[in-house]
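Peer 1: Quick one: structure below, then a few questions.
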Amino acid sequence: MTMRFILAIIALHLVGCAAPSPRGPGTVEELTRQSAAWDQAIVRKDRDAIAANMADDFRQIDGAGDIEDRRSFLEGVLSPDLRIDPYAVEDFEVRVYGDVALLSGRTRMTGMYQGQAFKSHYRYIDVYVRKDGAWRVASVQITRLRD
């Protein structure tokens with residue numbers, strides 16, 4: 001190898017390191033905003049906004065260990081029997097691994113189901129996948145917590 005070739009390789013490497021990464025700090029901010037918008041869409045029962053954030057093969061494992069697919073999840077959150085009050089997420093964290101991101105936290109949720117008030121406290125993890133330049137939630141798992 002010539003010195004010129006080695007310098008060219010080093011220069012290319014440095015240019016690549018200096019270029020903004022689509023998975024850098026901006027990704028964490030993007031996913032944080034997207035997750036909050038999804039939560040708000042669920043409270044508003046905005047079908048289009050909820051569905052737009054979900055991967056086609058979406059799955060949820062709920063607190064009882066039951067599995068919901070995209071269709072059944074949408075039916076459940078959009079049911080006229082369910083009203084979810086606005087809620088806040090605590091201990092929110094985003095970890096990005098290339099085209100996969102893990103979003104986790106805790107939520108205390110209240111609302112009404114079939115005319116009965118409910119309270120729920122749970123920890124969750126959402127798995128987001130980046131495909132064709134867009135992040136979509138592919139999997140959700142929740143674990144009920146005792147108050």
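Going by the structure tokens order, chains are called A, B, ..., each with residues numbered from 1, while ligands are numbered from 1 in the order shown.
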Name all residues at most 12 Å from range 135-147 of chain A (count only C-alpha atoms; drop same-chain ones fewer than 4 positions away) and give them as a short mmCIF file (atom, residue, chain, number, x, y, z; two decimals) with all heavy atoms, in the first residue's frame.

Peer 2:
```
data_model
loop_
_atom_site.label_atom_id
_atom_site.label_comp_id
_atom_site.auth_asym_id
_atom_site.auth_seq_id
_atom_site.Cartn_x
_atom_site.Cartn_y
_atom_site.Cartn_z
N PRO A 22 -27.92 9.45 11.05
CA PRO A 22 -29.38 9.42 11.17
C PRO A 22 -29.82 8.72 12.46
O PRO A 22 -30.97 8.71 12.79
CB PRO A 22 -29.83 8.65 9.94
CG PRO A 22 -28.65 7.82 9.55
CD PRO A 22 -27.44 8.62 9.96
N ARG A 23 -28.91 8.10 13.17
CA ARG A 23 -29.24 7.39 14.39
C ARG A 23 -28.58 8.02 15.61
O ARG A 23 -28.39 7.38 16.62
CB ARG A 23 -28.85 5.93 14.26
CG ARG A 23 -29.68 5.21 13.23
CD ARG A 23 -29.07 3.89 12.85
NE ARG A 23 -29.71 3.33 11.68
CZ ARG A 23 -29.43 3.66 10.43
NH1 ARG A 23 -28.55 4.56 10.17
NH2 ARG A 23 -30.06 3.09 9.44
N THR A 27 -32.16 11.15 16.77
CA THR A 27 -33.05 10.00 16.72
C THR A 27 -33.78 9.83 18.04
O THR A 27 -34.97 9.54 18.06
CB THR A 27 -32.26 8.72 16.37
OG1 THR A 27 -31.66 8.90 15.09
CG2 THR A 27 -33.16 7.51 16.35
N VAL A 28 -33.07 10.01 19.15
CA VAL A 28 -33.70 9.90 20.47
C VAL A 28 -34.80 10.95 20.61
O VAL A 28 -35.91 10.65 21.06
CB VAL A 28 -32.66 10.03 21.60
CG1 VAL A 28 -33.32 10.14 22.96
CG2 VAL A 28 -31.69 8.85 21.56
N GLU A 30 -36.43 12.42 18.13
CA GLU A 30 -37.50 12.06 17.20
C GLU A 30 -38.40 10.98 17.79
O GLU A 30 -39.64 11.08 17.76
CB GLU A 30 -36.89 11.57 15.89
CG GLU A 30 -37.89 11.03 14.89
CD GLU A 30 -37.23 10.39 13.66
OE1 GLU A 30 -35.99 10.37 13.56
OE2 GLU A 30 -37.99 9.89 12.81
N LEU A 31 -37.81 9.94 18.35
CA LEU A 31 -38.58 8.84 18.92
C LEU A 31 -39.35 9.29 20.17
O LEU A 31 -40.46 8.83 20.40
CB LEU A 31 -37.67 7.66 19.24
CG LEU A 31 -37.21 6.87 18.00
CD1 LEU A 31 -36.03 5.97 18.34
CD2 LEU A 31 -38.35 6.07 17.41
N THR A 32 -38.77 10.18 20.94
CA THR A 32 -39.45 10.71 22.13
C THR A 32 -40.71 11.46 21.70
O THR A 32 -41.79 11.25 22.26
CB THR A 32 -38.50 11.63 22.93
OG1 THR A 32 -37.37 10.85 23.35
CG2 THR A 32 -39.20 12.23 24.13
N ARG A 33 -40.59 12.32 20.70
CA ARG A 33 -41.75 13.06 20.19
C ARG A 33 -42.79 12.10 19.58
O ARG A 33 -44.00 12.25 19.81
CB ARG A 33 -41.32 14.08 19.13
CG ARG A 33 -40.69 15.33 19.68
CD ARG A 33 -40.51 16.40 18.61
NE ARG A 33 -39.75 15.94 17.46
CZ ARG A 33 -38.43 15.97 17.35
NH1 ARG A 33 -37.70 16.46 18.32
NH2 ARG A 33 -37.83 15.55 16.26
N GLN A 34 -42.32 11.14 18.82
CA GLN A 34 -43.23 10.19 18.15
C GLN A 34 -43.99 9.36 19.19
O GLN A 34 -45.19 9.15 19.05
CB GLN A 34 -42.42 9.30 17.21
CG GLN A 34 -43.28 8.45 16.31
CD GLN A 34 -42.45 7.79 15.21
OE1 GLN A 34 -41.40 8.29 14.81
NE2 GLN A 34 -42.93 6.68 14.72
N SER A 35 -43.31 8.93 20.23
CA SER A 35 -43.95 8.14 21.28
C SER A 35 -45.00 8.97 22.02
O SER A 35 -46.11 8.50 22.27
CB SER A 35 -42.89 7.63 22.26
OG SER A 35 -43.48 6.98 23.34
N TRP A 38 -48.03 9.38 19.87
CA TRP A 38 -48.82 8.15 19.83
C TRP A 38 -49.69 8.03 21.08
O TRP A 38 -50.87 7.71 20.99
CB TRP A 38 -47.91 6.94 19.67
CG TRP A 38 -48.61 5.68 19.25
CD1 TRP A 38 -49.53 5.56 18.24
CD2 TRP A 38 -48.46 4.39 19.80
NE1 TRP A 38 -49.94 4.25 18.14
CE2 TRP A 38 -49.30 3.50 19.07
CE3 TRP A 38 -47.68 3.87 20.82
CZ2 TRP A 38 -49.38 2.14 19.35
CZ3 TRP A 38 -47.76 2.50 21.09
CH2 TRP A 38 -48.61 1.65 20.36
N ALA A 49 -53.83 8.36 13.29
CA ALA A 49 -52.54 8.64 13.93
C ALA A 49 -52.02 7.42 14.68
O ALA A 49 -50.82 7.15 14.68
CB ALA A 49 -52.67 9.84 14.87
N ILE A 50 -52.91 6.68 15.32
CA ILE A 50 -52.49 5.47 16.03
C ILE A 50 -51.94 4.46 15.02
O ILE A 50 -50.84 3.94 15.18
CB ILE A 50 -53.66 4.84 16.82
CG1 ILE A 50 -54.15 5.79 17.91
CG2 ILE A 50 -53.24 3.50 17.42
CD1 ILE A 50 -55.50 5.39 18.52
N ALA A 51 -52.69 4.19 13.98
CA ALA A 51 -52.31 3.19 12.98
C ALA A 51 -51.04 3.58 12.23
O ALA A 51 -50.21 2.72 11.92
CB ALA A 51 -53.45 2.95 12.00
N ALA A 52 -50.87 4.86 11.97
CA ALA A 52 -49.69 5.32 11.22
C ALA A 52 -48.40 5.06 11.98
O ALA A 52 -47.33 4.96 11.37
CB ALA A 52 -49.82 6.82 10.91
N ASN A 53 -48.47 4.94 13.29
CA ASN A 53 -47.27 4.70 14.09
C ASN A 53 -46.96 3.21 14.26
O ASN A 53 -45.93 2.86 14.80
CB ASN A 53 -47.45 5.35 15.48
CG ASN A 53 -46.17 5.35 16.27
OD1 ASN A 53 -45.16 5.89 15.84
ND2 ASN A 53 -46.20 4.72 17.43
N MET A 54 -47.84 2.35 13.78
CA MET A 54 -47.70 0.91 14.01
C MET A 54 -47.17 0.17 12.78
O MET A 54 -47.59 0.44 11.67
CB MET A 54 -49.06 0.32 14.39
CG MET A 54 -49.66 0.92 15.64
SD MET A 54 -51.39 0.46 15.88
CE MET A 54 -51.19 -1.26 16.36
N ALA A 55 -46.27 -0.77 13.04
CA ALA A 55 -45.81 -1.65 11.97
C ALA A 55 -46.97 -2.56 11.55
O ALA A 55 -47.88 -2.83 12.34
CB ALA A 55 -44.63 -2.50 12.45
N ASP A 56 -46.91 -3.03 10.32
CA ASP A 56 -47.97 -3.92 9.82
C ASP A 56 -48.09 -5.20 10.65
O ASP A 56 -49.18 -5.74 10.83
CB ASP A 56 -47.72 -4.29 8.36
CG ASP A 56 -47.90 -3.10 7.44
OD1 ASP A 56 -48.59 -2.13 7.82
OD2 ASP A 56 -47.33 -3.13 6.32
N ASP A 57 -46.96 -5.69 11.18
CA ASP A 57 -46.96 -6.93 11.96
C ASP A 57 -46.92 -6.66 13.47
O ASP A 57 -46.42 -7.48 14.24
CB ASP A 57 -45.81 -7.84 11.53
CG ASP A 57 -44.45 -7.20 11.75
OD1 ASP A 57 -44.36 -5.98 12.02
OD2 ASP A 57 -43.44 -7.93 11.66
N PHE A 58 -47.46 -5.54 13.90
CA PHE A 58 -47.48 -5.13 15.30
C PHE A 58 -48.02 -6.24 16.20
O PHE A 58 -48.97 -6.94 15.85
CB PHE A 58 -48.38 -3.89 15.44
CG PHE A 58 -48.62 -3.48 16.86
CD1 PHE A 58 -47.76 -2.62 17.50
CD2 PHE A 58 -49.73 -3.95 17.56
CE1 PHE A 58 -47.99 -2.23 18.82
CE2 PHE A 58 -49.97 -3.58 18.87
CZ PHE A 58 -49.09 -2.72 19.50
N ARG A 59 -47.42 -6.36 17.39
CA ARG A 59 -47.88 -7.29 18.42
C ARG A 59 -47.76 -6.60 19.77
O ARG A 59 -46.82 -5.87 20.02
CB ARG A 59 -47.04 -8.56 18.49
CG ARG A 59 -47.12 -9.44 17.27
CD ARG A 59 -48.47 -10.13 17.16
NE ARG A 59 -48.55 -11.01 16.01
CZ ARG A 59 -48.89 -10.63 14.79
NH1 ARG A 59 -49.16 -9.39 14.53
NH2 ARG A 59 -48.97 -11.50 13.80
N GLN A 60 -48.73 -6.88 20.64
CA GLN A 60 -48.63 -6.44 22.03
C GLN A 60 -48.82 -7.64 22.94
O GLN A 60 -49.72 -8.45 22.70
CB GLN A 60 -49.69 -5.41 22.40
CG GLN A 60 -49.64 -5.08 23.90
CD GLN A 60 -50.75 -4.15 24.34
OE1 GLN A 60 -50.60 -2.96 24.21
NE2 GLN A 60 -51.83 -4.71 24.86
N ILE A 61 -47.98 -7.74 23.95
CA ILE A 61 -48.19 -8.71 25.02
C ILE A 61 -48.68 -7.88 26.20
O ILE A 61 -47.96 -7.02 26.71
CB ILE A 61 -46.91 -9.48 25.36
CG1 ILE A 61 -46.39 -10.21 24.12
CG2 ILE A 61 -47.16 -10.44 26.52
CD1 ILE A 61 -45.02 -10.83 24.30
N ASP A 62 -49.93 -8.13 26.63
CA ASP A 62 -50.50 -7.29 27.68
C ASP A 62 -50.13 -7.81 29.07
O ASP A 62 -49.40 -8.81 29.20
CB ASP A 62 -52.01 -7.13 27.50
CG ASP A 62 -52.81 -8.40 27.72
OD1 ASP A 62 -52.30 -9.35 28.37
OD2 ASP A 62 -53.95 -8.44 27.26
N GLY A 63 -50.62 -7.13 30.09
CA GLY A 63 -50.28 -7.45 31.47
C GLY A 63 -50.71 -8.84 31.91
O GLY A 63 -50.18 -9.38 32.88
N ALA A 64 -51.66 -9.43 31.21
CA ALA A 64 -52.11 -10.79 31.53
C ALA A 64 -51.38 -11.84 30.69
O ALA A 64 -51.64 -13.03 30.81
CB ALA A 64 -53.62 -10.90 31.31
N GLY A 65 -50.48 -11.39 29.80
CA GLY A 65 -49.76 -12.31 28.93
C GLY A 65 -50.47 -12.62 27.63
O GLY A 65 -50.00 -13.43 26.85
N ASP A 66 -51.61 -11.96 27.40
CA ASP A 66 -52.35 -12.18 26.16
C ASP A 66 -51.71 -11.39 25.02
O ASP A 66 -51.13 -10.32 25.23
CB ASP A 66 -53.81 -11.74 26.32
CG ASP A 66 -54.55 -12.60 27.34
OD1 ASP A 66 -54.27 -13.82 27.41
OD2 ASP A 66 -55.39 -12.05 28.07
N ILE A 67 -51.84 -11.91 23.81
CA ILE A 67 -51.25 -11.27 22.63
C ILE A 67 -52.33 -10.59 21.81
O ILE A 67 -53.37 -11.18 21.52
CB ILE A 67 -50.49 -12.30 21.78
CG1 ILE A 67 -49.33 -12.88 22.58
CG2 ILE A 67 -49.99 -11.66 20.48
CD1 ILE A 67 -48.59 -14.01 21.89
N GLU A 68 -52.07 -9.35 21.47
CA GLU A 68 -52.94 -8.59 20.57
C GLU A 68 -52.17 -8.32 19.29
O GLU A 68 -50.97 -8.04 19.33
CB GLU A 68 -53.31 -7.23 21.19
CG GLU A 68 -54.01 -7.31 22.53
CD GLU A 68 -55.46 -7.76 22.41
OE1 GLU A 68 -56.04 -7.65 21.31
OE2 GLU A 68 -55.99 -8.24 23.42
N ASP A 69 -52.85 -8.41 18.15
CA ASP A 69 -52.23 -8.00 16.90
C ASP A 69 -52.68 -6.57 16.57
O ASP A 69 -53.39 -5.95 17.36
CB ASP A 69 -52.53 -8.98 15.77
CG ASP A 69 -54.01 -9.08 15.41
OD1 ASP A 69 -54.82 -8.24 15.84
OD2 ASP A 69 -54.36 -10.04 14.69
N ARG A 70 -52.27 -6.08 15.45
CA ARG A 70 -52.59 -4.71 15.06
C ARG A 70 -54.11 -4.46 15.07
O ARG A 70 -54.58 -3.49 15.64
CB ARG A 70 -52.00 -4.44 13.67
CG ARG A 70 -52.26 -3.08 13.11
CD ARG A 70 -51.70 -3.01 11.68
NE ARG A 70 -52.13 -1.81 11.03
CZ ARG A 70 -51.42 -0.70 10.94
NH1 ARG A 70 -50.21 -0.65 11.45
NH2 ARG A 70 -51.89 0.35 10.32
N PHE A 73 -55.62 -4.69 18.67
CA PHE A 73 -55.17 -3.56 19.48
C PHE A 73 -55.96 -2.31 19.11
O PHE A 73 -56.47 -1.60 19.98
CB PHE A 73 -53.66 -3.31 19.27
CG PHE A 73 -53.13 -2.15 20.04
CD1 PHE A 73 -52.71 -2.31 21.35
CD2 PHE A 73 -53.06 -0.88 19.47
CE1 PHE A 73 -52.21 -1.22 22.08
CE2 PHE A 73 -52.57 0.20 20.18
CZ PHE A 73 -52.15 0.03 21.49
N VAL A 96 -31.12 3.16 21.30
CA VAL A 96 -31.13 2.92 19.85
C VAL A 96 -30.00 1.96 19.48
O VAL A 96 -28.86 2.15 19.90
CB VAL A 96 -30.98 4.24 19.07
CG1 VAL A 96 -31.00 3.99 17.57
CG2 VAL A 96 -32.07 5.23 19.46
N GLY A 98 -28.98 0.77 15.98
CA GLY A 98 -29.12 0.76 14.53
C GLY A 98 -30.54 1.08 14.13
O GLY A 98 -31.05 2.16 14.43
N ASP A 99 -31.20 0.14 13.49
CA ASP A 99 -32.57 0.34 13.02
C ASP A 99 -33.62 -0.21 13.98
O ASP A 99 -34.77 -0.41 13.61
CB ASP A 99 -32.76 -0.30 11.63
CG ASP A 99 -32.05 0.51 10.56
OD1 ASP A 99 -31.86 1.72 10.74
OD2 ASP A 99 -31.68 -0.08 9.53
N VAL A 100 -33.20 -0.47 15.23
CA VAL A 100 -34.11 -0.93 16.27
C VAL A 100 -33.93 -0.01 17.47
O VAL A 100 -32.81 0.36 17.82
CB VAL A 100 -33.82 -2.39 16.68
CG1 VAL A 100 -34.68 -2.83 17.86
CG2 VAL A 100 -34.01 -3.33 15.50
N ALA A 101 -35.03 0.36 18.10
CA ALA A 101 -34.97 1.20 19.30
C ALA A 101 -35.90 0.63 20.36
O ALA A 101 -37.00 0.16 20.05
CB ALA A 101 -35.36 2.63 18.97
N LEU A 102 -35.45 0.67 21.60
CA LEU A 102 -36.24 0.22 22.74
C LEU A 102 -36.65 1.45 23.53
O LEU A 102 -35.80 2.20 24.00
CB LEU A 102 -35.42 -0.72 23.62
CG LEU A 102 -34.78 -1.92 22.91
CD1 LEU A 102 -33.94 -2.72 23.89
CD2 LEU A 102 -35.83 -2.79 22.26
N LEU A 103 -37.95 1.65 23.67
CA LEU A 103 -38.49 2.77 24.43
C LEU A 103 -39.18 2.18 25.65
O LEU A 103 -40.04 1.30 25.51
CB LEU A 103 -39.50 3.58 23.61
CG LEU A 103 -38.93 4.50 22.52
CD1 LEU A 103 -38.23 3.74 21.43
CD2 LEU A 103 -40.03 5.36 21.95
N SER A 104 -38.81 2.64 26.83
CA SER A 104 -39.40 2.04 28.02
C SER A 104 -39.71 3.12 29.06
O SER A 104 -39.20 4.23 29.00
CB SER A 104 -38.44 1.00 28.63
OG SER A 104 -37.21 1.60 28.97
N GLY A 105 -40.59 2.75 29.99
CA GLY A 105 -40.97 3.66 31.05
C GLY A 105 -42.06 3.06 31.90
O GLY A 105 -42.35 1.86 31.82
N ARG A 106 -42.66 3.92 32.73
CA ARG A 106 -43.78 3.51 33.57
C ARG A 106 -44.94 4.46 33.32
O ARG A 106 -44.72 5.65 33.04
CB ARG A 106 -43.42 3.61 35.06
CG ARG A 106 -42.50 2.55 35.55
CD ARG A 106 -42.24 2.62 37.06
NE ARG A 106 -41.69 3.91 37.45
CZ ARG A 106 -42.29 4.79 38.26
NH1 ARG A 106 -43.47 4.52 38.77
NH2 ARG A 106 -41.71 5.93 38.56
N THR A 107 -46.13 3.96 33.43
CA THR A 107 -47.33 4.77 33.21
C THR A 107 -48.35 4.46 34.30
O THR A 107 -48.57 3.30 34.63
CB THR A 107 -47.94 4.47 31.83
OG1 THR A 107 -47.00 4.80 30.83
CG2 THR A 107 -49.21 5.27 31.59
N ARG A 108 -48.96 5.52 34.81
CA ARG A 108 -50.13 5.40 35.69
C ARG A 108 -51.30 5.90 34.86
O ARG A 108 -51.34 7.06 34.49
CB ARG A 108 -49.96 6.24 36.94
CG ARG A 108 -48.86 5.78 37.84
CD ARG A 108 -48.72 6.69 39.06
NE ARG A 108 -47.50 6.40 39.76
CZ ARG A 108 -47.38 5.47 40.70
NH1 ARG A 108 -48.44 4.76 41.04
NH2 ARG A 108 -46.24 5.24 41.30
N MET A 109 -52.21 4.99 34.56
CA MET A 109 -53.31 5.32 33.66
C MET A 109 -54.63 5.22 34.42
O MET A 109 -54.81 4.33 35.25
CB MET A 109 -53.30 4.35 32.48
CG MET A 109 -54.30 4.66 31.40
SD MET A 109 -54.17 3.48 30.03
CE MET A 109 -52.65 4.00 29.29
N LYS A 119 -57.92 2.13 37.30
CA LYS A 119 -56.57 2.66 37.51
C LYS A 119 -55.61 1.54 37.15
O LYS A 119 -55.85 0.39 37.49
CB LYS A 119 -56.36 3.05 38.97
CG LYS A 119 -57.03 4.32 39.36
CD LYS A 119 -56.98 4.66 40.84
CE LYS A 119 -55.71 4.36 41.56
NZ LYS A 119 -55.68 4.91 42.92
N SER A 120 -54.55 1.90 36.45
CA SER A 120 -53.56 0.92 36.06
C SER A 120 -52.17 1.53 36.20
O SER A 120 -51.96 2.68 35.82
CB SER A 120 -53.80 0.48 34.61
OG SER A 120 -52.83 -0.45 34.21
N HIS A 121 -51.26 0.80 36.77
CA HIS A 121 -49.87 1.22 36.89
C HIS A 121 -49.03 0.12 36.27
O HIS A 121 -49.11 -1.04 36.68
CB HIS A 121 -49.51 1.42 38.37
CG HIS A 121 -48.14 1.95 38.60
ND1 HIS A 121 -47.48 1.76 39.78
CD2 HIS A 121 -47.30 2.67 37.82
CE1 HIS A 121 -46.30 2.34 39.73
NE2 HIS A 121 -46.17 2.90 38.55
N TYR A 122 -48.26 0.46 35.24
CA TYR A 122 -47.50 -0.58 34.57
C TYR A 122 -46.18 -0.06 34.02
O TYR A 122 -45.98 1.14 33.84
CB TYR A 122 -48.31 -1.23 33.45
CG TYR A 122 -48.76 -0.29 32.35
CD1 TYR A 122 -47.96 -0.05 31.24
CD2 TYR A 122 -49.98 0.35 32.42
CE1 TYR A 122 -48.36 0.80 30.23
CE2 TYR A 122 -50.40 1.21 31.42
CZ TYR A 122 -49.59 1.44 30.33
OH TYR A 122 -49.98 2.29 29.34
N ARG A 123 -45.27 -0.98 33.82
CA ARG A 123 -44.00 -0.72 33.15
C ARG A 123 -44.14 -1.30 31.75
O ARG A 123 -44.81 -2.32 31.56
CB ARG A 123 -42.86 -1.41 33.90
CG ARG A 123 -41.48 -1.09 33.36
CD ARG A 123 -40.38 -1.62 34.25
NE ARG A 123 -40.41 -1.12 35.60
CZ ARG A 123 -39.97 0.08 35.99
NH1 ARG A 123 -39.47 0.90 35.10
NH2 ARG A 123 -40.03 0.44 37.26
N TYR A 124 -43.52 -0.64 30.79
CA TYR A 124 -43.66 -1.10 29.41
C TYR A 124 -42.34 -1.00 28.67
O TYR A 124 -41.42 -0.28 29.07
CB TYR A 124 -44.73 -0.28 28.66
CG TYR A 124 -44.26 1.12 28.37
CD1 TYR A 124 -43.61 1.41 27.17
CD2 TYR A 124 -44.43 2.14 29.29
CE1 TYR A 124 -43.15 2.69 26.91
CE2 TYR A 124 -43.98 3.41 29.02
CZ TYR A 124 -43.33 3.68 27.83
OH TYR A 124 -42.86 4.94 27.58
N ILE A 125 -42.28 -1.74 27.58
CA ILE A 125 -41.20 -1.57 26.61
C ILE A 125 -41.83 -1.64 25.22
O ILE A 125 -42.63 -2.52 24.93
CB ILE A 125 -40.07 -2.60 26.78
CG1 ILE A 125 -38.90 -2.25 25.87
CG2 ILE A 125 -40.56 -4.02 26.57
CD1 ILE A 125 -37.59 -2.87 26.29
N ASP A 126 -41.54 -0.64 24.42
CA ASP A 126 -41.98 -0.58 23.03
C ASP A 126 -40.76 -0.80 22.14
O ASP A 126 -39.73 -0.16 22.34
CB ASP A 126 -42.58 0.79 22.68
CG ASP A 126 -43.86 1.10 23.43
OD1 ASP A 126 -44.41 0.20 24.08
OD2 ASP A 126 -44.30 2.26 23.37
N VAL A 127 -40.88 -1.68 21.18
CA VAL A 127 -39.80 -1.93 20.23
C VAL A 127 -40.17 -1.23 18.93
O VAL A 127 -41.18 -1.55 18.30
CB VAL A 127 -39.59 -3.44 19.99
CG1 VAL A 127 -38.48 -3.66 18.97
CG2 VAL A 127 -39.30 -4.16 21.30
N TYR A 128 -39.36 -0.24 18.56
CA TYR A 128 -39.54 0.48 17.30
C TYR A 128 -38.53 -0.03 16.29
O TYR A 128 -37.39 -0.33 16.65
CB TYR A 128 -39.34 1.98 17.50
CG TYR A 128 -40.56 2.72 17.99
CD1 TYR A 128 -41.04 2.54 19.28
CD2 TYR A 128 -41.23 3.61 17.16
CE1 TYR A 128 -42.16 3.22 19.73
CE2 TYR A 128 -42.35 4.30 17.60
CZ TYR A 128 -42.80 4.09 18.89
OH TYR A 128 -43.92 4.77 19.32
N VAL A 129 -38.96 -0.12 15.03
CA VAL A 129 -38.09 -0.58 13.95
C VAL A 129 -38.10 0.49 12.86
O VAL A 129 -39.16 1.00 12.50
CB VAL A 129 -38.58 -1.94 13.39
CG1 VAL A 129 -37.72 -2.38 12.24
CG2 VAL A 129 -38.60 -2.98 14.50
N ARG A 130 -36.92 0.80 12.36
CA ARG A 130 -36.81 1.77 11.27
C ARG A 130 -36.80 1.02 9.94
O ARG A 130 -35.93 0.18 9.71
CB ARG A 130 -35.55 2.60 11.43
CG ARG A 130 -35.42 3.69 10.39
CD ARG A 130 -34.13 4.47 10.66
NE ARG A 130 -33.95 5.48 9.68
CZ ARG A 130 -34.10 6.79 9.90
NH1 ARG A 130 -34.42 7.20 11.09
NH2 ARG A 130 -33.91 7.65 8.94
N LYS A 131 -37.78 1.32 9.10
CA LYS A 131 -37.89 0.66 7.79
C LYS A 131 -38.28 1.72 6.77
O LYS A 131 -39.20 2.51 7.02
CB LYS A 131 -38.95 -0.44 7.85
CG LYS A 131 -39.06 -1.24 6.59
CD LYS A 131 -40.05 -2.37 6.75
CE LYS A 131 -40.19 -3.12 5.44
NZ LYS A 131 -41.25 -4.11 5.51
#
```

Peer 1: To test your reading of the structure, identify every residue in chain A that backbone DSSP assigns to alpha helix (DSSP H), and report it as an MDAnalysis selection string.

Peer 2: chainID A and resid 3:18 25:44 47:52 70:78

Peer 1: Could you find all residues in range 32-121 of chain A that DSSP calls strand (DSSP E) from the backbone, and write them as a ChimeraX atom specification?

Peer 2: /A:54-61,67-69,82-84,89-97,100-113,116-121
